[in-house]
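Reproduced below: query_27.json, with JSON, C-alpha atoms.
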[["chain", "number", "residue", "atom", "x", "y", "z"],
["A", 1137, "MET", "CA", -17.77, 15.02, -17.99],
["A", 1138, "LEU", "CA", -18.75, 15.92, -14.45],
["A", 1139, "ILE", "CA", -22.20, 14.39, -14.94],
["A", 1140, "HIS", "CA", -20.62, 10.92, -14.93],
["A", 1141, "PHE", "CA", -19.25, 11.50, -11.43],
["A", 1142, "LYS", "CA", -22.53, 13.00, -10.18],
["A", 1143, "ASN", "CA", -24.39, 9.91, -11.35],
["A", 1144, "LEU", "CA", -21.99, 7.45, -9.73],
["A", 1145, "ASN", "CA", -23.52, 5.06, -7.24],
["A", 1146, "TRP", "CA", -20.92, 5.36, -4.48],
["A", 1147, "GLY", "CA", -22.54, 2.61, -2.42],
["A", 1148, "PHE", "CA", -22.28, 0.22, -5.35],
["A", 1149, "LEU", "CA", -18.66, 1.29, -5.92],
["A", 1150, "LYS", "CA", -17.72, 0.42, -2.35],
["A", 1151, "ALA", "CA", -19.62, -2.88, -2.32],
["A", 1152, "TYR", "CA", -18.18, -3.93, -5.68],
["A", 1153, "ALA", "CA", -14.62, -3.10, -4.59],
["A", 1154, "PHE", "CA", -14.81, -5.12, -1.38],
["A", 1155, "THR", "CA", -16.44, -8.01, -3.24],
["A", 1156, "GLN", "CA", -13.49, -8.07, -5.63],
["A", 1157, "ILE", "CA", -11.07, -8.15, -2.68],
["A", 1158, "LYS", "CA", -12.92, -11.09, -1.13],
["A", 1159, "LEU", "CA", -12.88, -12.97, -4.44],
["A", 1160, "ARG", "CA", -9.13, -12.47, -4.74],
["A", 1161, "TYR", "CA", -8.48, -14.36, -1.50],
["A", 1162, "ARG", "CA", -11.39, -16.82, -1.51],
["A", 1163, "HIS", "CA", -9.19, -19.92, -2.05],
["A", 1164, "THR", "CA", -6.36, -18.92, 0.31],
["A", 1165, "THR", "CA", -5.84, -19.95, 3.92],
["A", 1166, "LEU", "CA", -4.53, -16.63, 5.22],
["A", 1167, "GLY", "CA", -6.95, -14.51, 3.20],
["A", 1168, "ILE", "CA", -6.48, -10.77, 3.45],
["A", 1169, "MET", "CA", -3.38, -11.28, 5.62],
["A", 1170, "TRP", "CA", -1.51, -11.70, 2.32],
["A", 1171, "ASN", "CA", -1.88, -7.92, 1.97],
["A", 1172, "VAL", "CA", 0.68, -7.74, 4.78],
["A", 1173, "LEU", "CA", 2.78, -10.87, 4.19],
["A", 1174, "GLU", "CA", 3.27, -10.50, 0.44],
["A", 1175, "PRO", "CA", 4.97, -7.06, 0.56],
["A", 1176, "VAL", "CA", 7.13, -8.17, 3.50],
["A", 1177, "LEU", "CA", 8.41, -11.22, 1.58],
["A", 1178, "TYR", "CA", 8.87, -9.26, -1.64],
["A", 1179, "LEU", "CA", 10.64, -6.30, -0.06],
["A", 1180, "GLY", "CA", 12.75, -8.50, 2.17],
["A", 1181, "THR", "CA", 14.08, -10.50, -0.77],
["A", 1182, "LEU", "CA", 14.95, -7.39, -2.78],
["A", 1183, "SER", "CA", 16.62, -5.81, 0.23],
["A", 1184, "LEU", "CA", 18.95, -8.76, 0.78],
["A", 1185, "VAL", "CA", 19.95, -8.95, -2.88],
["A", 1186, "PHE", "CA", 20.31, -5.31, -3.82],
["A", 1187, "SER", "CA", 21.90, -4.05, -0.60],
["A", 1188, "ALA", "CA", 24.97, -6.08, -1.59],
["A", 1189, "ILE", "CA", 24.85, -4.85, -5.19],
["A", 1190, "ASN", "CA", 24.60, -1.21, -4.06],
["A", 1191, "ARG", "CA", 27.29, -1.74, -1.39],
["A", 1192, "MET", "CA", 25.09, -0.33, 1.33],
["A", 1193, "SER", "CA", 24.36, -1.66, 4.79],
["A", 1194, "LEU", "CA", 21.13, -3.65, 4.92],
["A", 1195, "SER", "CA", 19.41, -1.21, 7.29],
["A", 1196, "ASP", "CA", 20.38, 1.82, 5.19],
["A", 1197, "TYR", "CA", 19.30, 0.18, 1.96],
["A", 1198, "VAL", "CA", 16.00, -0.97, 3.48],
["A", 1199, "VAL", "CA", 15.07, 2.66, 4.20],
["A", 1200, "TYR", "CA", 16.09, 3.76, 0.71],
["A", 1201, "LEU", "CA", 14.38, 0.88, -1.10],
["A", 1202, "PHE", "CA", 11.14, 0.86, 0.88],
["A", 1203, "SER", "CA", 10.66, 4.62, 0.53],
["A", 1204, "ALA", "CA", 10.10, 4.45, -3.25],
["A", 1205, "LEU", "CA", 9.39, 0.80, -4.06],
["A", 1206, "VAL", "CA", 6.08, 0.59, -2.18],
["A", 1207, "PRO", "CA", 4.69, 3.72, -3.92],
["A", 1208, "TRP", "CA", 5.92, 2.33, -7.25],
["A", 1209, "ARG", "CA", 4.07, -0.95, -6.66],
["A", 1210, "TYR", "CA", 0.93, 1.08, -5.93],
["A", 1211, "PHE", "CA", 1.49, 3.15, -9.08],
["A", 1212, "GLU", "CA", 1.98, 0.02, -11.19],
["A", 1213, "ALA", "CA", -0.94, -1.92, -9.65],
["A", 1214, "THR", "CA", -3.28, 1.03, -10.18],
["A", 1215, "ILE", "CA", -2.34, 1.42, -13.84],
["A", 1216, "LEU", "CA", -2.66, -2.28, -14.67],
["A", 1217, "GLY", "CA", -5.82, -2.74, -12.62],
["A", 1218, "VAL", "CA", -7.57, 0.28, -14.09],
["A", 1219, "MET", "CA", -6.43, -0.70, -17.59],
["A", 1220, "GLU", "CA", -8.28, -4.04, -17.34],
["A", 1221, "SER", "CA", -11.30, -2.67, -15.46],
["A", 1222, "ILE", "CA", -13.64, -2.01, -18.41],
["A", 1223, "ILE", "CA", -13.05, -5.41, -20.00],
["A", 1224, "ALA", "CA", -13.32, -7.17, -16.63],
["A", 1225, "GLY", "CA", -16.65, -5.46, -15.95],
["A", 1226, "GLU", "CA", -18.12, -6.36, -19.32],
["A", 1227, "TRP", "CA", -20.62, -8.85, -17.85],
["A", 1228, "LEU", "CA", -21.90, -6.29, -15.36],
["A", 1229, "LEU", "CA", -22.15, -3.49, -17.89],
["A", 1230, "LYS", "CA", -24.47, -5.62, -20.03],
["A", 1231, "LYS", "CA", -26.82, -6.21, -17.09],
["A", 1232, "LEU", "CA", -26.90, -2.89, -15.24],
["A", 1233, "ALA", "CA", -27.19, 0.73, -16.32],
["A", 1234, "ILE", "CA", -24.15, 2.05, -14.48],
["A", 1235, "SER", "CA", -21.43, 4.57, -15.25],
["A", 1236, "TYR", "CA", -18.24, 3.30, -16.88],
["A", 1237, "PHE", "CA", -16.31, 5.30, -14.29],
["A", 1238, "ILE", "CA", -17.37, 2.77, -11.64],
["A", 1239, "PHE", "CA", -14.87, 0.22, -12.91],
["A", 1240, "PRO", "CA", -11.66, 2.32, -13.00],
["A", 1241, "LEU", "CA", -12.53, 3.78, -9.60],
["A", 1242, "THR", "CA", -13.14, 0.30, -8.18],
["A", 1243, "ARG", "CA", -9.70, -0.90, -9.26],
["A", 1244, "TRP", "CA", -8.19, 2.34, -8.00],
["A", 1245, "LEU", "CA", -9.84, 1.81, -4.60],
["A", 1246, "ILE", "CA", -8.62, -1.80, -4.39],
["A", 1247, "ALA", "CA", -5.05, -0.73, -5.22],
["A", 1248, "ALA", "CA", -5.28, 2.03, -2.61],
["A", 1249, "ILE", "CA", -6.35, -0.44, 0.10],
["A", 1250, "ASP", "CA", -3.44, -2.74, -0.82],
["A", 1251, "PHE", "CA", -1.06, 0.21, -0.74],
["A", 1252, "PHE", "CA", -2.08, 1.47, 2.67],
["A", 1253, "CYS", "CA", -1.76, -2.03, 4.12],
["A", 1254, "ALA", "CA", 1.73, -2.38, 2.64],
["A", 1255, "PHE", "CA", 2.75, 1.16, 3.62],
["A", 1256, "ALA", "CA", 1.63, 0.59, 7.21],
["A", 1257, "VAL", "CA", 3.88, -2.48, 7.34],
["A", 1258, "VAL", "CA", 6.76, -0.48, 5.87],
["A", 1259, "LEU", "CA", 6.41, 2.28, 8.45],
["A", 1260, "VAL", "CA", 6.54, -0.31, 11.24],
["A", 1261, "ILE", "CA", 9.72, -1.82, 9.77],
["A", 1262, "LEU", "CA", 11.29, 1.61, 9.26],
["A", 1263, "ALA", "CA", 10.55, 2.46, 12.89],
["A", 1264, "PHE", "CA", 13.16, -0.17, 13.82],
["A", 1265, "VAL", "CA", 15.82, 0.54, 11.16],
["A", 1266, "LYS", "CA", 15.55, 4.27, 10.42],
["A", 1267, "PRO", "CA", 17.77, 6.19, 12.88],
["A", 1268, "THR", "CA", 16.16, 9.63, 12.59],
["A", 1269, "TRP", "CA", 12.75, 10.97, 11.69],
["A", 1270, "THR", "CA", 11.87, 14.53, 10.70],
["A", 1271, "ILE", "CA", 8.67, 16.50, 10.21],
["A", 1272, "HIS", "CA", 9.13, 16.19, 6.45],
["A", 1273, "ILE", "CA", 7.20, 12.90, 6.50],
["A", 1274, "PHE", "CA", 3.98, 14.88, 6.98],
["A", 1275, "ILE", "CA", 4.23, 15.88, 3.32],
["A", 1276, "LEU", "CA", 3.63, 12.23, 2.29],
["A", 1277, "PRO", "CA", -0.20, 12.51, 1.92],
["A", 1278, "ILE", "CA", 0.36, 15.06, -0.86],
["A", 1279, "SER", "CA", 2.94, 12.78, -2.47],
["A", 1280, "ILE", "CA", 0.47, 9.89, -2.37],
["A", 1281, "PHE", "CA", -2.33, 12.03, -3.82],
["A", 1282, "ILE", "CA", -0.21, 13.17, -6.80],
["A", 1283, "THR", "CA", 1.05, 9.64, -7.50],
["A", 1284, "SER", "CA", -2.48, 8.26, -7.25],
["A", 1285, "ALA", "CA", -3.90, 10.86, -9.64],
["A", 1286, "ALA", "CA", -1.18, 10.18, -12.23],
["A", 1287, "ALA", "CA", -1.70, 6.41, -12.05],
["A", 1288, "LEU", "CA", -5.50, 6.72, -12.33],
["A", 1289, "GLY", "CA", -5.18, 8.99, -15.36],
["A", 1290, "ILE", "CA", -2.70, 6.73, -17.16],
["A", 1291, "GLY", "CA", -4.80, 3.70, -16.27],
["A", 1292, "MET", "CA", -7.98, 5.24, -17.71],
["A", 1293, "LEU", "CA", -6.21, 6.10, -20.97],
["A", 1294, "LEU", "CA", -4.95, 2.52, -21.22],
["A", 1295, "ALA", "CA", -8.42, 1.18, -20.30],
["A", 1296, "VAL", "CA", -9.88, 2.95, -23.31],
["A", 1297, "ALA", "CA", -7.08, 1.74, -25.59],
["A", 1298, "TYR", "CA", -7.33, -1.81, -24.21],
["A", 1299, "THR", "CA", -11.05, -1.95, -24.98],
["A", 1300, "PHE", "CA", -10.30, -1.40, -28.67],
["A", 1301, "PHE", "CA", -6.85, -3.01, -28.95],
["A", 1302, "ARG", "CA", -6.10, -6.03, -26.76],
["A", 1303, "ASP", "CA", -2.42, -5.85, -27.77],
["A", 1304, "ILE", "CA", -2.05, -2.95, -25.34],
["A", 1305, "LYS", "CA", -1.65, -5.19, -22.27],
["A", 1306, "PRO", "CA", 1.77, -6.75, -23.06],
["A", 1307, "LEU", "CA", 3.02, -3.38, -24.28],
["A", 1308, "ALA", "CA", 1.91, -1.67, -21.07],
["A", 1309, "THR", "CA", 3.43, -4.41, -18.90],
["A", 1310, "THR", "CA", 6.75, -4.24, -20.75],
["A", 1311, "GLY", "CA", 6.74, -0.45, -20.62],
["A", 1312, "LEU", "CA", 6.20, -0.43, -16.87],
["A", 1313, "MET", "CA", 8.96, -3.00, -16.38],
["A", 1314, "LEU", "CA", 11.44, -0.92, -18.41],
["A", 1315, "THR", "CA", 10.38, 2.21, -16.55],
["A", 1316, "PHE", "CA", 10.92, 0.51, -13.20],
["A", 1317, "PHE", "CA", 14.37, -0.89, -13.91],
["A", 1318, "SER", "CA", 15.60, 2.37, -15.44],
["A", 1319, "ALA", "CA", 14.37, 4.53, -12.53],
["A", 1320, "PRO", "CA", 16.32, 5.29, -9.33],
["A", 1321, "ILE", "CA", 14.32, 2.89, -7.15],
["A", 1322, "LEU", "CA", 16.55, -0.18, -6.83],
["A", 1323, "PHE", "CA", 19.69, 1.96, -7.13],
["A", 1324, "LYS", "CA", 20.64, 5.48, -6.06],
["A", 1325, "ALA", "CA", 20.94, 8.15, -8.74],
["A", 1326, "ASP", "CA", 24.25, 9.37, -7.30],
["A", 1327, "SER", "CA", 25.73, 5.88, -7.76],
["A", 1328, "MET", "CA", 26.07, 6.68, -11.46],
["A", 1329, "PRO", "CA", 29.29, 8.42, -12.59],
["A", 1330, "MET", "CA", 28.84, 12.17, -12.95],
["A", 1331, "GLY", "CA", 28.40, 13.18, -16.58],
["A", 1332, "SER", "CA", 27.70, 9.63, -17.72],
["A", 1333, "LEU", "CA", 24.86, 8.85, -20.12],
["A", 1334, "GLN", "CA", 22.99, 7.01, -17.33],
["A", 1335, "SER", "CA", 23.14, 9.98, -14.96],
["A", 1336, "GLU", "CA", 22.01, 12.37, -17.70],
["A", 1337, "LEU", "CA", 19.05, 10.15, -18.62],
["A", 1338, "LEU", "CA", 17.88, 10.07, -14.99],
["A", 1339, "VAL", "CA", 17.47, 13.86, -15.11],
["A", 1340, "TYR", "CA", 14.77, 13.38, -17.76],
["A", 1341, "HIS", "CA", 13.24, 10.23, -16.27],
["A", 1342, "PRO", "CA", 9.77, 11.15, -14.93],
["A", 1343, "VAL", "CA", 9.88, 8.48, -12.20],
["A", 1344, "THR", "CA", 12.98, 10.20, -10.77],
["A", 1345, "TYR", "CA", 10.69, 13.02, -9.66],
["A", 1346, "PHE", "CA", 7.87, 10.78, -8.43],
["A", 1347, "ALA", "CA", 10.37, 8.71, -6.43],
["A", 1348, "ALA", "CA", 11.77, 11.92, -4.94],
["A", 1349, "LEU", "CA", 8.36, 12.72, -3.43],
["A", 1350, "PHE", "CA", 8.92, 9.74, -1.09],
["A", 1351, "GLN", "CA", 12.70, 9.29, -0.97],
["A", 1352, "LYS", "CA", 13.44, 12.83, 0.16],
["A", 1353, "PRO", "CA", 11.05, 12.92, 3.16],
["A", 1354, "LEU", "CA", 11.77, 9.32, 4.23],
["A", 1355, "TYR", "CA", 15.42, 8.71, 3.32],
["A", 1356, "TYR", "CA", 17.09, 12.10, 2.89],
["A", 1357, "ASN", "CA", 15.03, 13.85, 5.60],
["A", 1358, "CYS", "CA", 14.23, 16.86, 3.46],
["A", 1359, "LEU", "CA", 11.39, 18.26, 1.38],
["A", 1360, "PRO", "CA", 11.01, 17.51, -2.33],
["A", 1361, "SER", "CA", 12.23, 20.37, -4.48],
["A", 1362, "LEU", "CA", 9.95, 22.80, -6.29],
["A", 1363, "LEU", "CA", 10.92, 21.08, -9.55],
["A", 1364, "ASP", "CA", 9.82, 17.72, -8.11],
["A", 1365, "TRP", "CA", 6.39, 19.14, -7.30],
["A", 1366, "GLN", "CA", 6.05, 20.93, -10.63],
["A", 1367, "VAL", "CA", 6.98, 17.92, -12.77],
["A", 1368, "THR", "CA", 4.85, 15.40, -10.88],
["A", 1369, "ALA", "CA", 1.81, 17.64, -10.46],
["A", 1370, "GLY", "CA", 2.01, 18.60, -14.13],
["A", 1371, "ILE", "CA", 2.18, 14.98, -15.27],
["A", 1372, "ALA", "CA", -0.65, 13.97, -12.92],
["A", 1373, "SER", "CA", -2.91, 16.82, -14.08],
["A", 1374, "VAL", "CA", -2.34, 16.13, -17.78],
["A", 1375, "PHE", "CA", -2.90, 12.37, -17.58],
["A", 1376, "LEU", "CA", -5.88, 12.59, -15.23],
["A", 1377, "GLY", "CA", -7.54, 15.14, -17.48],
["A", 1378, "LEU", "CA", -6.82, 13.09, -20.60],
["A", 1379, "GLY", "CA", -8.02, 9.90, -18.91],
["A", 1380, "ILE", "CA", -11.36, 11.41, -17.85],
["A", 1381, "TRP", "CA", -11.83, 12.96, -21.30],
["A", 1382, "ALA", "CA", -10.99, 9.70, -23.14],
["A", 1383, "LEU", "CA", -13.35, 7.59, -21.03],
["A", 1384, "HIS", "CA", -16.14, 10.13, -21.47],
["A", 1385, "HIS", "CA", -15.53, 10.61, -25.21],
["A", 1386, "PHE", "CA", -15.20, 6.96, -26.26],
["A", 1387, "THR", "CA", -17.89, 5.44, -24.01],
["A", 1388, "PRO", "CA", -20.55, 5.31, -26.79],
["A", 1389, "ARG", "CA", -18.24, 3.11, -28.89],
["A", 1390, "PHE", "CA", -17.51, 0.53, -26.20],
["A", 1391, "TYR", "CA", -20.66, -1.48, -26.89],
["A", 1392, "PHE", "CA", -19.29, -2.61, -30.27],
["A", 1393, "TYR", "CA", -16.10, -4.01, -28.70],
["A", 1394, "LEU", "CA", -17.22, -5.53, -25.40]]

I need this file expressed as structure tokens, please.
Amino acid sequence: MLIHFKNLNWGFLKAYAFTQIKLRYRHTTLGIMWNVLEPVLYLGTLSLVFSAINRMSLSDYVVYLFSALVPWRYFEATILGVMESIIAGEWLLKKLAISYFIFPLTRWLIAAIDFFCAFAVVLVILAFVKPTWTIHIFILPISIFITSAAALGIGMLLAVAYTFFRDIKPLATTGLMLTFFSAPILFKADSMPMGSLQSELLVYHPVTYFAALFQKPLYYNCLPSLLDWQVTAGIASVFLGLGIWALHHFTPRFYFYL
């Protein structure tokens, strides 16, 4: 499997990724500035609506919401982008002898660029509304790395499945939507009654632990627990390994389906 990464043309990967970004904004007036404006509009709307629903002050809810929602959007964008990467690169694969890994990594890189633009905006906003900051925020690069690895792995598994079964896309989209609305991102886990079915389900919800990697350093001013690290790192390792294996193993069959 490692031979695929050794043979990657990293210059082509970078050029292809930035070409895709340019194509995305080619018919817009503001261009790449939408990387900044879009998350501001999206997060601002959710903040106004759900701060009232959660009965929290707007400034307090902004810190809570932004801490996990922006990483979730990165997680979701990576999965969906990587899932479609092989099919979207079909025309290029038929013309050039390049590794299939180029396409998932390109979509992963594009999602990462979008994320860092959005996260930079969030940190600027939080600088005005967050009353206290602690050294725990320096753990965030590790949180981002684990989340990124999990999303890339899941995306590669779905990319393989999507190549053979095009019905995967609506199922994946619906699954991500259900995962998002059932996770403690728009609402706080402790807002659920103790002992209720909802509170018990959150204990077993994997996104609870991924969200904690960002909520605890940014909102609660503490480090994620050992269990948070164990669950998220375990999930990331399993899915990344399975994703690399699946893409390597099923590559010879892609030609019959592209």

Among the residues A:Ile1278, A:Ile1304, A:Ile1321, A:Leu1312, the one that comes closest to A:Tyr1197 [using only C-alpha atoms]: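 Selected residue with least distance to A:Tyr1197: A:Ile1321.
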
Can you write out as JSON lines which residues of stretch 1268-1289 of chain A fall within 8 Å of stretch 1348-1366 of chain A, alongside each residue's closest atom pair and its distance in Å to one decimal, counting all atoms listed in the file and ordering rows by chain and ascending residue number?
{"residue": "A:Trp1269", "atom": "CA", "partner": "A:Asn1357", "partner_atom": "CA", "distance": 7.1}
{"residue": "A:Thr1270", "atom": "CA", "partner": "A:Asn1357", "partner_atom": "CA", "distance": 6.0}
{"residue": "A:His1272", "atom": "CA", "partner": "A:Pro1353", "partner_atom": "CA", "distance": 5.0}
{"residue": "A:Ile1273", "atom": "CA", "partner": "A:Pro1353", "partner_atom": "CA", "distance": 5.1}
{"residue": "A:Ile1275", "atom": "CA", "partner": "A:Pro1353", "partner_atom": "CA", "distance": 7.4}
{"residue": "A:Leu1276", "atom": "CA", "partner": "A:Phe1350", "partner_atom": "CA", "distance": 6.8}
{"residue": "A:Ser1279", "atom": "CA", "partner": "A:Leu1349", "partner_atom": "CA", "distance": 5.5}

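Candidate residues A:Phe1239, A:Phe1255, A:Trp1208, A:Phe1264 were compared for distance to A:Ser1195, and the nearest is A:Phe1264, using all atoms listed in the file.
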
Hey, which of A:Val1374, A:Leu1288, A:Ala1297, A:Val1367 ends up closest to A:Thr1242? Count all atoms listed in the file.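 Looking only at the distances to A:Thr1242, the closest residue turns out to be A:Leu1288.
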
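Between atom CA of A:Pro1240 and atom CA of A:Met1292 lies a distance of 6.7 Å.
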
Each stretch 1278-1346 of chain A residue no farther than 7 Å from stretch 1209-1227 of chain A, nearest pair in Å, only C-alpha atoms, as a Markdown table:
| residue | atom | partner | partner_atom | distance |
| --- | --- | --- | --- | --- |
| A:Thr1283 | CA | A:Phe1211 | CA | 6.7 |
| A:Ser1284 | CA | A:Phe1211 | CA | 6.7 |
| A:Ala1287 | CA | A:Ile1215 | CA | 5.3 |
| A:Leu1288 | CA | A:Ile1215 | CA | 6.4 |
| A:Ile1290 | CA | A:Ile1215 | CA | 6.3 |
| A:Gly1291 | CA | A:Ile1215 | CA | 4.1 |
| A:Met1292 | CA | A:Met1219 | CA | 6.1 |
| A:Leu1294 | CA | A:Met1219 | CA | 5.1 |
| A:Ala1295 | CA | A:Met1219 | CA | 3.9 |
| A:Tyr1298 | CA | A:Met1219 | CA | 6.8 |
| A:Thr1299 | CA | A:Ile1223 | CA | 6.4 |

d(atom CA of A:Ile1238, atom CA of A:Thr1368) in Å: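 One can read the atom CA of A:Ile1238 to atom CA of A:Thr1368 distance as 25.6 Å.
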